$ cat input_8.csv   # CSV, C-alpha atoms and all ligand atoms
chain,number,residue,atom,x,y,z
A,1,MET,CA,137.1,222.6,-39.5
A,2,SER,CA,135.6,226.0,-40.1
A,3,THR,CA,132.6,224.3,-41.7
A,4,TYR,CA,132.1,222.6,-38.3
A,5,THR,CA,132.1,226.1,-36.7
A,6,ASP,CA,129.5,227.4,-39.2
A,7,LYS,CA,127.3,224.4,-38.7
A,8,ILE,CA,127.6,224.6,-34.9
A,9,ARG,CA,126.6,228.3,-34.9
A,10,GLU,CA,123.7,227.6,-37.3
A,11,THR,CA,122.4,224.7,-35.1
A,12,ALA,CA,122.8,226.7,-31.9
A,13,GLN,CA,121.0,229.7,-33.4
A,14,ARG,CA,118.1,227.6,-34.6
A,15,LEU,CA,117.7,225.8,-31.2
A,16,LEU,CA,117.8,229.1,-29.3
A,17,LYS,CA,115.4,230.8,-31.7
A,18,GLU,CA,112.9,228.0,-31.6
A,19,CYS,CA,113.2,228.0,-27.8
A,20,LYS,CA,114.1,224.3,-27.9
A,21,VAL,CA,116.9,225.1,-25.4
A,22,GLU,CA,117.6,227.8,-22.9
A,23,MET,CA,121.4,227.7,-23.4
A,24,VAL,CA,124.0,226.1,-25.6
A,25,ILE,CA,127.3,224.9,-24.1
A,26,GLY,CA,130.2,225.0,-26.6
A,27,PHE,CA,133.6,226.4,-27.1
A,28,ARG,CA,134.9,229.9,-27.8
A,29,LYS,CA,138.4,231.1,-28.6
A,30,GLY,CA,140.6,231.4,-25.5
A,31,SER,CA,142.9,234.3,-24.8
A,32,GLN,CA,145.9,232.2,-25.7
A,33,PRO,CA,146.7,229.9,-28.6
A,34,MET,CA,145.4,226.3,-28.1
A,35,MET,CA,143.4,227.3,-25.1
A,36,ASN,CA,139.8,227.2,-26.2
A,37,GLU,CA,137.4,227.7,-23.3
A,38,PRO,CA,134.0,226.5,-22.5
A,39,CYS,CA,131.3,229.0,-23.2
A,40,VAL,CA,127.6,229.2,-22.5
A,41,VAL,CA,125.4,231.0,-25.1
A,42,ARG,CA,122.0,232.1,-24.1
A,43,SER,CA,120.7,234.1,-27.0
A,44,PRO,CA,120.7,233.7,-30.8
A,45,GLU,CA,122.7,236.9,-31.1
A,46,GLU,CA,125.6,235.4,-29.2
A,47,VAL,CA,126.2,232.3,-31.3
A,48,ASP,CA,129.1,233.9,-33.2
A,49,GLN,CA,131.3,233.3,-30.2
A,50,LEU,CA,131.1,229.5,-30.8
A,51,ILE,CA,133.9,227.9,-32.6
A,52,TRP,CA,135.4,224.4,-33.4
A,53,ASP,CA,138.9,223.4,-34.0
A,54,SER,CA,141.4,220.9,-32.6
A,55,ASN,CA,141.8,222.7,-29.3
A,56,CYS,CA,138.5,221.7,-27.9
A,57,GLY,CA,139.8,219.1,-25.6
A,58,ILE,CA,138.0,220.1,-22.5
A,59,ASN,CA,135.1,217.7,-21.6
A,60,LEU,CA,131.9,219.7,-21.7
A,61,ALA,CA,129.9,217.1,-19.9
A,62,ASN,CA,131.5,218.5,-16.8
A,63,TYR,CA,129.2,221.6,-17.1
A,64,LEU,CA,125.9,219.6,-17.1
A,65,THR,CA,126.0,218.3,-13.5
A,66,ASN,CA,122.7,218.9,-11.7
A,67,ARG,CA,121.6,221.6,-14.2
A,68,LYS,CA,117.9,222.3,-14.4
A,69,GLU,CA,117.6,224.1,-17.7
A,70,LYS,CA,117.0,222.7,-21.2
A,71,ILE,CA,120.5,222.6,-22.6
A,72,GLY,CA,122.0,222.3,-26.1
A,73,ILE,CA,125.5,220.8,-25.8
A,74,VAL,CA,128.3,220.4,-28.3
A,75,ALA,CA,129.7,216.9,-27.9
A,76,LYS,CA,132.6,215.0,-29.5
A,77,GLY,CA,132.9,211.2,-29.0
A,78,CYS,CA,134.2,211.2,-25.5
A,79,ASP,CA,132.0,214.1,-24.3
A,80,SER,CA,129.0,212.1,-25.5
A,81,ARG,CA,130.1,209.1,-23.5
A,82,ASN,CA,130.4,211.2,-20.4
A,83,ILE,CA,127.0,212.6,-21.1
A,84,VAL,CA,125.7,209.0,-21.2
A,85,THR,CA,127.4,208.4,-17.9
A,86,HIS,CA,125.8,211.5,-16.4
A,87,ILE,CA,122.4,210.3,-17.6
A,88,VAL,CA,122.9,206.9,-16.1
A,89,GLU,CA,124.0,208.4,-12.8
A,90,ASN,CA,121.0,210.8,-12.7
A,91,LYS,CA,123.1,213.9,-12.9
A,92,ILE,CA,121.1,215.2,-15.9
A,93,ALA,CA,117.9,214.0,-17.6
A,94,ARG,CA,118.0,212.9,-21.3
A,95,GLU,CA,114.9,215.0,-21.9
A,96,GLN,CA,116.8,218.2,-20.9
A,97,LEU,CA,119.4,217.8,-23.5
A,98,VAL,CA,119.7,218.5,-27.2
A,99,ILE,CA,123.1,216.9,-28.0
A,100,ILE,CA,124.9,218.5,-30.9
A,101,GLY,CA,127.2,215.7,-32.0
A,102,VAL,CA,130.6,216.5,-33.5
A,103,PRO,CA,132.6,213.7,-35.2
A,104,CYS,CA,136.1,214.2,-33.9
A,105,LEU,CA,139.5,213.7,-35.6
A,106,GLY,CA,141.4,214.3,-32.4
A,107,MET,CA,142.7,217.2,-30.4
A,108,ILE,CA,146.1,218.8,-30.5
A,109,ASP,CA,148.4,218.2,-27.5
A,110,LYS,CA,149.4,221.8,-26.5
A,111,ARG,CA,152.5,220.4,-24.7
A,112,LYS,CA,153.8,218.6,-27.7
A,113,ILE,CA,153.5,221.8,-29.7
A,114,ALA,CA,155.1,223.9,-27.0
A,115,ALA,CA,158.0,221.5,-26.8
A,116,ALA,CA,158.5,221.4,-30.5
A,117,ALA,CA,158.0,225.1,-31.2
A,118,ASP,CA,160.9,227.5,-31.4
A,119,GLY,CA,160.1,230.4,-29.0
A,120,GLU,CA,156.8,231.8,-27.8
A,121,ILE,CA,153.8,230.6,-29.8
A,122,LEU,CA,151.8,233.5,-31.3
A,123,SER,CA,149.2,231.5,-33.2
A,124,VAL,CA,148.3,227.9,-34.1
A,125,THR,CA,146.2,227.2,-37.2
A,126,GLU,CA,145.3,224.1,-39.1
A,127,ALA,CA,144.3,222.9,-42.5
A,128,ASP,CA,144.2,219.5,-44.3
A,129,GLY,CA,145.8,217.5,-41.5
A,130,GLN,CA,148.6,220.0,-41.0
A,131,VAL,CA,149.1,222.3,-38.0
A,132,MET,CA,150.9,225.6,-38.6
A,133,VAL,CA,152.6,227.1,-35.5
A,134,LYS,CA,153.6,230.8,-35.7
A,135,THR,CA,156.3,232.0,-33.4
A,136,ALA,CA,158.2,235.3,-33.3
A,137,GLN,CA,161.0,233.6,-35.2
A,138,ALA,CA,159.4,231.4,-37.7
A,139,THR,CA,156.4,229.4,-38.9
A,140,GLN,CA,156.6,225.7,-38.4
A,141,THR,CA,154.4,223.0,-39.8
A,142,PHE,CA,153.6,219.7,-38.2
A,143,ALA,CA,151.5,216.7,-39.3
A,144,LYS,CA,148.5,216.8,-37.0
A,145,SER,CA,148.8,213.0,-36.4
A,146,ASP,CA,152.2,213.7,-34.8
A,147,VAL,CA,150.9,216.2,-32.3
A,148,LEU,CA,147.7,214.6,-31.2
A,149,GLN,CA,146.9,214.1,-27.5
A,150,GLY,CA,147.9,210.7,-26.3
A,151,ASN,CA,144.3,209.6,-25.7
A,152,CYS,CA,143.1,210.9,-29.1
A,153,SER,CA,145.8,209.0,-31.1
A,154,VAL,CA,144.4,205.7,-29.7
A,155,CYS,CA,140.7,206.7,-29.5
A,156,THR,CA,138.2,204.2,-30.9
A,157,HIS,CA,135.1,206.2,-30.2
A,158,ARG,CA,135.5,209.4,-32.2
A,159,ASN,CA,131.8,209.7,-33.2
A,160,PRO,CA,129.2,210.7,-30.6
A,161,VAL,CA,127.4,207.6,-29.3
A,162,ILE,CA,124.3,209.7,-28.6
A,163,HIS,CA,123.1,212.8,-30.4
A,164,ASP,CA,120.1,214.7,-31.6
A,165,GLU,CA,121.8,216.7,-34.2
A,166,MET,CA,125.0,215.9,-36.1
A,167,ILE,CA,127.0,218.6,-37.6
A,168,ALA,CA,128.8,216.3,-40.1
A,169,GLU,CA,128.9,212.8,-41.4
A,170,PRO,CA,130.5,210.3,-39.0
A,171,VAL,CA,134.3,209.9,-39.4
A,172,PRO,CA,135.9,206.5,-39.7
A,173,GLU,CA,136.8,204.9,-36.4
A,174,GLN,CA,140.4,203.9,-35.8
A,175,THR,CA,140.7,200.1,-35.7
A,176,ASP,CA,144.4,199.5,-35.9
A,177,VAL,CA,145.3,201.1,-32.5
A,178,ASP,CA,146.1,199.4,-29.2
A,179,PRO,CA,144.7,201.8,-26.6
A,180,TYR,CA,146.3,199.9,-23.7
A,181,ALA,CA,149.9,199.5,-25.0
A,182,ASP,CA,151.2,201.9,-22.3
A,183,VAL,CA,149.4,200.1,-19.5
A,184,ALA,CA,150.7,196.7,-20.7
A,185,GLU,CA,154.2,198.1,-20.6
A,186,ILE,CA,153.8,199.0,-16.9
A,187,ASP,CA,152.2,195.6,-16.1
A,188,ALA,CA,155.3,193.9,-17.6
A,189,MET,CA,157.5,195.6,-14.9
A,190,THR,CA,158.3,194.1,-11.5
A,191,PRO,CA,156.5,195.5,-8.5
A,192,GLU,CA,159.7,197.4,-7.5
A,193,GLN,CA,159.9,199.0,-11.0
A,194,ARG,CA,156.3,199.9,-11.0
A,195,HIS,CA,156.5,201.5,-7.6
A,196,ALA,CA,159.5,203.5,-8.8
A,197,PHE,CA,157.8,204.4,-12.0
A,198,PHE,CA,154.8,205.9,-10.2
A,199,GLU,CA,157.0,207.5,-7.6
A,200,GLU,CA,158.7,209.4,-10.4
A,201,LEU,CA,155.5,210.0,-12.4
A,202,LEU,CA,153.7,211.6,-9.5
A,203,ALA,CA,156.6,213.4,-7.9
A,204,PRO,CA,155.9,216.8,-9.5
A,205,CYS,CA,152.2,216.8,-8.4
A,206,ILE,CA,151.4,220.0,-6.5
A,207,ARG,CA,147.9,218.7,-5.3
A,208,CYS,CA,146.1,221.5,-7.2
A,209,TYR,CA,143.3,219.1,-8.1
A,210,ALA,CA,142.9,220.5,-11.6
A,211,CYS,CA,142.7,216.9,-12.8
A,212,ARG,CA,139.8,216.2,-10.5
A,213,ASN,CA,138.0,219.5,-11.4
A,214,ALA,CA,138.3,219.0,-15.1
A,215,CYS,CA,136.8,215.5,-14.9
A,216,PRO,CA,133.0,215.2,-15.5
A,217,LEU,CA,133.0,212.2,-13.2
A,218,CYS,CA,134.2,214.1,-10.1
A,219,TYR,CA,131.0,215.8,-9.0
A,220,CYS,CA,130.7,214.9,-5.3
A,221,PRO,CA,129.7,218.0,-3.3
A,222,THR,CA,132.7,217.4,-1.0
A,223,CYS,CA,135.6,215.4,-2.4
A,224,PHE,CA,137.4,213.0,-0.1
A,225,VAL,CA,140.5,215.0,-0.4
A,226,ASP,CA,138.8,218.1,1.0
A,227,GLU,CA,137.2,216.5,4.0
A,228,SER,CA,138.8,217.0,7.3
A,229,LYS,CA,136.3,215.2,9.6
A,230,PRO,CA,137.5,212.5,9.1
A,231,GLN,CA,140.6,213.4,7.1
A,232,TRP,CA,141.0,210.5,4.7
A,233,VAL,CA,144.3,211.5,3.3
A,234,GLY,CA,147.0,214.0,4.2
A,235,LYS,CA,146.8,217.3,2.3
A,236,GLY,CA,150.5,217.9,1.8
A,237,GLN,CA,153.0,216.7,-0.7
A,238,ASP,CA,154.2,213.6,1.2
A,239,PRO,CA,154.7,211.0,-1.6
A,240,ALA,CA,152.4,208.6,0.3
A,241,ASP,CA,149.6,211.1,0.4
A,242,VAL,CA,150.1,212.1,-3.3
A,243,ARG,CA,150.0,208.5,-4.2
A,244,THR,CA,146.9,207.8,-2.1
A,245,PHE,CA,145.1,210.8,-3.7
A,246,HIS,CA,145.9,209.5,-7.2
A,247,PHE,CA,145.0,206.0,-6.3
A,248,LEU,CA,141.6,206.9,-5.0
A,249,ARG,CA,140.8,209.5,-7.6
A,250,ALA,CA,141.4,206.9,-10.2
A,251,TYR,CA,139.5,204.3,-8.4
A,252,HIS,CA,136.5,206.6,-8.1
A,253,CYS,CA,136.5,206.7,-11.8
A,254,ALA,CA,136.6,202.9,-12.3
A,255,GLY,CA,134.1,201.7,-14.9
A,256,ARG,CA,133.2,205.4,-15.6
A,257,CYS,CA,136.2,206.9,-17.2
A,258,THR,CA,136.1,207.5,-21.0
A,259,ASP,CA,139.7,208.4,-21.3
A,260,CYS,CA,138.7,211.8,-22.6
A,261,GLY,CA,142.1,213.2,-21.5
A,262,ALA,CA,140.6,216.3,-19.8
A,263,CYS,CA,142.5,215.5,-16.6
A,264,GLN,CA,145.9,215.2,-18.2
A,265,ARG,CA,145.2,218.3,-20.3
A,266,ALA,CA,144.4,220.3,-17.2
A,267,CYS,CA,147.4,219.4,-15.2
A,268,PRO,CA,149.8,222.3,-14.8
A,269,VAL,CA,152.8,220.1,-14.5
A,270,GLY,CA,151.9,217.7,-17.2
A,271,ILE,CA,151.5,214.5,-15.2
A,272,ASN,CA,149.9,211.6,-17.2
A,273,MET,CA,147.6,210.4,-14.5
A,274,ARG,CA,145.6,208.6,-17.2
A,275,LEU,CA,148.0,205.6,-16.7
A,276,LEU,CA,146.0,204.9,-13.6
A,277,THR,CA,142.4,205.3,-15.0
A,278,LYS,CA,143.4,203.4,-18.1
A,279,LYS,CA,144.5,200.4,-16.0
A,280,LEU,CA,141.0,200.3,-14.6
A,281,ASN,CA,139.5,200.8,-18.1
A,282,LYS,CA,141.6,197.9,-19.3
A,283,ASP,CA,140.5,195.7,-16.4
A,284,CYS,CA,136.8,196.6,-16.9
A,285,LEU,CA,137.1,195.6,-20.5
A,286,GLU,CA,139.0,192.4,-19.9
A,287,LEU,CA,137.1,191.2,-16.8
A,288,TYR,CA,133.6,192.5,-17.5
A,289,GLY,CA,133.6,193.4,-21.2
A,290,TRP,CA,132.7,196.9,-20.2
A,291,GLU,CA,133.4,200.2,-21.8
A,292,ALA,CA,132.0,203.3,-20.1
A,293,GLY,CA,129.3,205.5,-21.6
A,294,LEU,CA,128.2,203.5,-24.6
A,295,SER,CA,124.6,203.1,-23.7
A,296,THR,CA,122.0,204.5,-21.4
A,297,GLU,CA,120.4,201.1,-21.1
A,298,THR,CA,123.1,199.1,-19.3
A,299,ARG,CA,124.4,199.4,-15.7
A,300,PRO,CA,128.0,200.2,-15.2
A,301,ALA,CA,130.5,197.4,-14.4
A,302,LEU,CA,130.8,198.2,-10.6
A,303,ASP,CA,127.0,198.7,-10.3
A,304,ASP,CA,126.0,195.3,-11.5
A,305,TYR,CA,126.4,191.7,-10.3
A,306,GLN,CA,126.6,188.7,-12.6
A,307,PRO,CA,127.0,185.2,-11.4
A,308,ASN,CA,130.0,184.7,-13.6
A,309,ASP,CA,131.8,187.8,-12.4
A,310,PRO,CA,135.5,186.9,-11.8
A,311,GLU,CA,136.3,186.3,-8.2
A,312,ASN,CA,139.7,184.7,-8.3
A,313,PHE,CA,141.1,187.5,-6.0
A,314,ILE,CA,139.0,186.1,-3.1
A,315,HIS,CA,140.5,183.3,-1.0
B,1,MET,CA,141.3,197.7,-6.4
B,2,LYS,CA,143.9,195.0,-5.8
B,3,ASN,CA,144.8,195.2,-9.5
B,4,LEU,CA,145.3,199.0,-9.4
B,5,LEU,CA,147.4,198.8,-6.2
B,6,GLU,CA,149.6,196.2,-7.9
B,7,HIS,CA,149.7,198.3,-11.0
B,8,MET,CA,151.2,201.1,-8.8
B,9,GLY,CA,153.8,198.7,-7.3
B,10,MET,CA,152.2,197.0,-4.3
B,11,GLU,CA,153.4,193.4,-4.0
B,12,PRO,CA,150.8,190.9,-5.1
B,13,ASP,CA,151.0,189.0,-1.8
B,14,ARG,CA,150.4,192.1,0.3
B,15,LEU,CA,146.7,192.5,0.0
B,16,HIS,CA,144.2,189.6,0.5
B,17,PHE,CA,140.5,189.3,0.2
B,18,SER,CA,138.4,186.5,1.6
B,19,TRP,CA,134.8,185.6,2.3
B,20,ILE,CA,134.4,183.6,5.4
B,21,SER,CA,131.1,182.8,7.1
B,22,SER,CA,130.9,183.0,11.0
B,23,ALA,CA,130.4,179.2,10.9
B,24,GLU,CA,133.7,178.5,9.0
B,25,SER,CA,136.2,178.6,11.8
B,26,THR,CA,138.6,176.2,10.2
B,27,LYS,CA,138.6,178.2,7.0
B,28,PHE,CA,139.2,181.4,9.0
B,29,VAL,CA,142.3,179.8,10.7
B,30,ALA,CA,143.6,178.5,7.4
B,31,VAL,CA,143.2,181.8,5.6
B,32,VAL,CA,144.8,183.8,8.5
B,33,ASN,CA,147.8,181.4,8.5
B,34,GLN,CA,148.1,181.6,4.8
B,35,ILE,CA,148.1,185.4,4.8
B,36,THR,CA,150.5,185.7,7.7
B,37,ALA,CA,153.0,183.4,6.0
B,38,LYS,CA,152.8,185.3,2.7
B,39,VAL,CA,153.1,188.7,4.3
B,40,LYS,CA,155.9,187.6,6.6
B,41,ALA,CA,157.8,186.4,3.6
B,42,LEU,CA,157.5,189.9,2.0
B,43,GLY,CA,158.7,191.6,5.2
B,44,PRO,CA,157.6,195.0,6.5
B,45,ASN,CA,155.6,197.2,4.0
B,46,GLN,CA,157.6,200.1,2.5
B,47,ARG,CA,155.1,201.3,0.1
B,48,PHE,CA,152.1,203.6,0.7
B,49,VAL,CA,153.7,204.3,4.0
B,50,LYS,CA,154.2,207.8,5.4
B,51,LYS,CA,157.5,207.8,7.2
B,52,ALA,CA,157.3,210.9,9.3
B,53,ALA,CA,155.7,214.3,8.8
B,54,LYS,CA,157.9,216.3,6.7
B,55,VAL,CA,158.6,219.7,8.2
B,56,ALA,CA,159.9,222.2,5.7
A,401,LIG,S1,139.5,210.5,-15.4
A,401,LIG,FE1,140.4,211.9,-16.9
A,401,LIG,S2,140.2,210.7,-18.8
A,401,LIG,FE2,138.8,209.8,-17.3
A,401,LIG,S3,136.8,210.8,-17.7
A,401,LIG,FE3,137.8,211.9,-16.0
A,401,LIG,S4,138.9,213.6,-17.1
A,401,LIG,FE4,138.3,212.1,-18.6
A,402,LIG,S1,146.3,218.5,-12.0
A,402,LIG,FE1,148.4,217.6,-11.9
A,402,LIG,S2,149.4,218.8,-10.2
A,402,LIG,FE2,147.2,219.1,-10.0
A,402,LIG,S3,146.5,217.5,-8.5
A,402,LIG,FE3,146.3,216.7,-10.6
A,402,LIG,S4,148.2,215.6,-11.1
A,402,LIG,FE4,148.6,216.9,-9.3

$ encode --input "input_8.csv" --output "structure tokens"
Amino acid sequence: MSTYTDKIRETAQRLLKECKVEMVIGFRKGSQPMMNEPCVVRSPEEVDQLIWDSNCGINLANYLTNRKEKIGIVAKGCDSRNIVTHIVENKIAREQLVIIGVPCLGMIDKRKIAAAADGEILSVTEADGQVMVKTAQATQTFAKSDVLQGNCSVCTHRNPVIHDEMIAEPVPEQTDVDPYADVAEIDAMTPEQRHAFFEELLAPCIRCYACRNACPLCYCPTCFVDESKPQWVGKGQDPADVRTFHFLRAYHCAGRCTDCGACQRACPVGINMRLLTKKLNKDCLELYGWEAGLSTETRPALDDYQPNDPENFIH
Amino acid sequence: MKNLLEHMGMEPDRLHFSWISSAESTKFVAVVNQITAKVKALGPNQRFVKKAAKVA
């Protein structure tokens, strides 16, 4: 992984020196273990801040919206798909970007580590598919494959779909995974069970909107939840309001979500709201053969009419 | 939309979509009858309903 870091710094430095870009968006080490933060580098002298490891789960496409500069951006598979979505939705122009592609082997789920670790975590390092967690008491080792984020363990687009530079050879894509097993499980329930399942899933939600803010798709100047004239949805924690917020947030991402996992990662109470967006991803795939962010040439599923679009829900 | 609502536990017969031209009065009546029958069979909606404002 440190070779990735070197290569990213080298690339960023070259791009800045040659004035190909005005800034490079990447990651730097966070103030706590497993909490790398987005970072904007504007001069060649600053590139040593940039790093890469398995804690770069934030989706950097989120920082491109409506920017006017020429930007170098570090992008793993899912970031690149959200960059494509941004280009298709006119939130950034392709010509403004130098995309520094990073083949990705998955990000670590900080909650899985925290749950498995014995005491306060002092540092987390990795080597050869192993993750070493140091606490005050001991050092524990986990197989990285056991502590991956849920979305990464079933990811089928690890390599950037669009890039100008690549910092390593592409990694093999996973082919033996079923990304929608969890959705299918819910679909197998009765409506009563499903209702109860989501009631429980969403009960801890404190309406902080971190999930919305972390998502590159949520760029409206005023979100429907913040509007008060008219007020579309109650702002409190009534279960019906919480459910309506989650329903609509997910629906606004229909045909656009790349299952990058940034929303779930950002949630302070650990809600897996991806179970909603994934249902829509699954429907888009099954009904329209559509996966978001794979090409700048095609129009998104909900933005396109085909005479053979399924319409069996209409009487 | 219907699929996601059902995924979240809304009953399949609760929400209906139709496309009826202003000239299709018979279809309109038929669809309304159909929907009323289906929704009556389900009974009053309990989901996505705000009961009363919670006062802490
Ligand atoms: S909804 Fe969540 S998983 Fe989907 S693109 Fe937004 S942040 Fe990523
Ligand atoms: S981040 Fe979590 S707690 Fe905050 S609004 Fe989203 S689901 Fe609710």

$ residues_near_ligand --input "input_8.csv" --ligand "ligand LIG 402 (chain A)" --cutoff "6 Å" --atoms "all atoms listed in the file" --output "ChimeraX atom specification"
/A:205-211,266-269,271

$ interface_residues --input "input_8.csv" --of "chain A" --to "chain B" --cutoff "7 Å" --atoms "only C-alpha atoms" --output "list of chain:residue names"
A:Asp187, A:Pro191, A:Glu192, A:Arg194, A:His195, A:Phe198, A:Ala240, A:Lys279, A:Leu280, A:Phe313, A:Ile314, A:His315

$ axis_aligned_box --input "input_8.csv" --around "ligand LIG 401 (chain A)" --padding-each-side "6 Å" --output "lines of an AutoDock Vina configuration file"
center_x = 138.6
center_y = 211.7
center_z = -17.1
size_x = 15.6
size_y = 15.8
size_z = 15.4

$ residues_near_ligand --input "input_8.csv" --ligand "ligand LIG 401 (chain A)" --cutoff "8 Å" --atoms "all atoms listed in the file" --output "mmCIF file with C-alpha atoms, in the coordinates of the input"
data_model
loop_
_atom_site.group_PDB
_atom_site.id
_atom_site.type_symbol
_atom_site.label_atom_id
_atom_site.label_comp_id
_atom_site.auth_asym_id
_atom_site.auth_seq_id
_atom_site.Cartn_x
_atom_site.Cartn_y
_atom_site.Cartn_z
ATOM 1 C CA ASN A 59 135.100 217.700 -21.600
ATOM 2 C CA ASN A 82 130.400 211.200 -20.400
ATOM 3 C CA CYS A 211 142.700 216.900 -12.800
ATOM 4 C CA ARG A 212 139.800 216.200 -10.500
ATOM 5 C CA ALA A 214 138.300 219.000 -15.100
ATOM 6 C CA CYS A 215 136.800 215.500 -14.900
ATOM 7 C CA PRO A 216 133.000 215.200 -15.500
ATOM 8 C CA LEU A 217 133.000 212.200 -13.200
ATOM 9 C CA CYS A 218 134.200 214.100 -10.100
ATOM 10 C CA ARG A 249 140.800 209.500 -7.600
ATOM 11 C CA ALA A 250 141.400 206.900 -10.200
ATOM 12 C CA CYS A 253 136.500 206.700 -11.800
ATOM 13 C CA ARG A 256 133.200 205.400 -15.600
ATOM 14 C CA CYS A 257 136.200 206.900 -17.200
ATOM 15 C CA THR A 258 136.100 207.500 -21.000
ATOM 16 C CA ASP A 259 139.700 208.400 -21.300
ATOM 17 C CA CYS A 260 138.700 211.800 -22.600
ATOM 18 C CA GLY A 261 142.100 213.200 -21.500
ATOM 19 C CA ALA A 262 140.600 216.300 -19.800
ATOM 20 C CA CYS A 263 142.500 215.500 -16.600
ATOM 21 C CA GLN A 264 145.900 215.200 -18.200
ATOM 22 C CA MET A 273 147.600 210.400 -14.500
ATOM 23 C CA ARG A 274 145.600 208.600 -17.200
ATOM 24 C CA THR A 277 142.400 205.300 -15.000
ATOM 25 C CA LYS A 278 143.400 203.400 -18.100
#

$ residues_around --input "input_8.csv" --residues "Glu165 in chain A" --least-positions-apart "6" --cutoff "12 Å" --atoms "all atoms listed in the file" --output "NGL selection string"
:A and (7-8 or 10-12 or 14-15 or 72-76 or 97-103)

$ build_atoms --input "input_8.csv" --residues "range 28-41 of chain B" --atoms "N, CA, C and O atoms" --output "PDB file, keeping the file's coordinate frame"
ATOM      1  N   PHE B  28     138.693 180.136   8.504  1.00  0.00           N
ATOM      2  CA  PHE B  28     139.200 181.400   9.000  1.00  0.00           C
ATOM      3  C   PHE B  28     140.699 181.169   9.455  1.00  0.00           C
ATOM      4  O   PHE B  28     141.588 181.924   9.054  1.00  0.00           O
ATOM      5  N   VAL B  29     140.931 180.122  10.209  1.00  0.00           N
ATOM      6  CA  VAL B  29     142.300 179.800  10.700  1.00  0.00           C
ATOM      7  C   VAL B  29     143.223 179.601   9.495  1.00  0.00           C
ATOM      8  O   VAL B  29     144.327 180.153   9.411  1.00  0.00           O
ATOM      9  N   ALA B  30     142.747 178.824   8.548  1.00  0.00           N
ATOM     10  CA  ALA B  30     143.600 178.500   7.400  1.00  0.00           C
ATOM     11  C   ALA B  30     143.963 179.775   6.625  1.00  0.00           C
ATOM     12  O   ALA B  30     145.126 180.002   6.288  1.00  0.00           O
ATOM     13  N   VAL B  31     142.954 180.622   6.392  1.00  0.00           N
ATOM     14  CA  VAL B  31     143.200 181.800   5.600  1.00  0.00           C
ATOM     15  C   VAL B  31     144.174 182.756   6.371  1.00  0.00           C
ATOM     16  O   VAL B  31     145.123 183.296   5.797  1.00  0.00           O
ATOM     17  N   VAL B  32     143.952 182.912   7.681  1.00  0.00           N
ATOM     18  CA  VAL B  32     144.800 183.800   8.500  1.00  0.00           C
ATOM     19  C   VAL B  32     146.270 183.251   8.432  1.00  0.00           C
ATOM     20  O   VAL B  32     147.221 184.015   8.213  1.00  0.00           O
ATOM     21  N   ASN B  33     146.425 181.961   8.585  1.00  0.00           N
ATOM     22  CA  ASN B  33     147.800 181.400   8.500  1.00  0.00           C
ATOM     23  C   ASN B  33     148.419 181.617   7.171  1.00  0.00           C
ATOM     24  O   ASN B  33     149.580 182.013   7.091  1.00  0.00           O
ATOM     25  N   GLN B  34     147.636 181.409   6.145  1.00  0.00           N
ATOM     26  CA  GLN B  34     148.100 181.600   4.800  1.00  0.00           C
ATOM     27  C   GLN B  34     148.613 183.041   4.589  1.00  0.00           C
ATOM     28  O   GLN B  34     149.714 183.302   4.105  1.00  0.00           O
ATOM     29  N   ILE B  35     147.751 183.976   5.014  1.00  0.00           N
ATOM     30  CA  ILE B  35     148.100 185.400   4.800  1.00  0.00           C
ATOM     31  C   ILE B  35     149.316 185.769   5.631  1.00  0.00           C
ATOM     32  O   ILE B  35     150.241 186.405   5.116  1.00  0.00           O
ATOM     33  N   THR B  36     149.351 185.333   6.888  1.00  0.00           N
ATOM     34  CA  THR B  36     150.500 185.700   7.700  1.00  0.00           C
ATOM     35  C   THR B  36     151.786 185.178   7.093  1.00  0.00           C
ATOM     36  O   THR B  36     152.787 185.902   7.030  1.00  0.00           O
ATOM     37  N   ALA B  37     151.747 183.960   6.601  1.00  0.00           N
ATOM     38  CA  ALA B  37     153.000 183.400   6.000  1.00  0.00           C
ATOM     39  C   ALA B  37     153.385 184.226   4.796  1.00  0.00           C
ATOM     40  O   ALA B  37     154.556 184.583   4.648  1.00  0.00           O
ATOM     41  N   LYS B  38     152.435 184.575   3.955  1.00  0.00           N
ATOM     42  CA  LYS B  38     152.800 185.300   2.700  1.00  0.00           C
ATOM     43  C   LYS B  38     153.308 186.690   3.062  1.00  0.00           C
ATOM     44  O   LYS B  38     154.278 187.167   2.473  1.00  0.00           O
ATOM     45  N   VAL B  39     152.655 187.371   4.008  1.00  0.00           N
ATOM     46  CA  VAL B  39     153.100 188.700   4.300  1.00  0.00           C
ATOM     47  C   VAL B  39     154.422 188.711   5.067  1.00  0.00           C
ATOM     48  O   VAL B  39     155.285 189.543   4.808  1.00  0.00           O
ATOM     49  N   LYS B  40     154.630 187.715   5.936  1.00  0.00           N
ATOM     50  CA  LYS B  40     155.900 187.600   6.600  1.00  0.00           C
ATOM     51  C   LYS B  40     157.037 187.417   5.618  1.00  0.00           C
ATOM     52  O   LYS B  40     158.127 187.978   5.743  1.00  0.00           O
ATOM     53  N   ALA B  41     156.768 186.624   4.581  1.00  0.00           N
ATOM     54  CA  ALA B  41     157.800 186.400   3.600  1.00  0.00           C
ATOM     55  C   ALA B  41     158.163 187.680   2.852  1.00  0.00           C
ATOM     56  O   ALA B  41     159.300 187.869   2.435  1.00  0.00           O
TER      57      ALA B  41
END
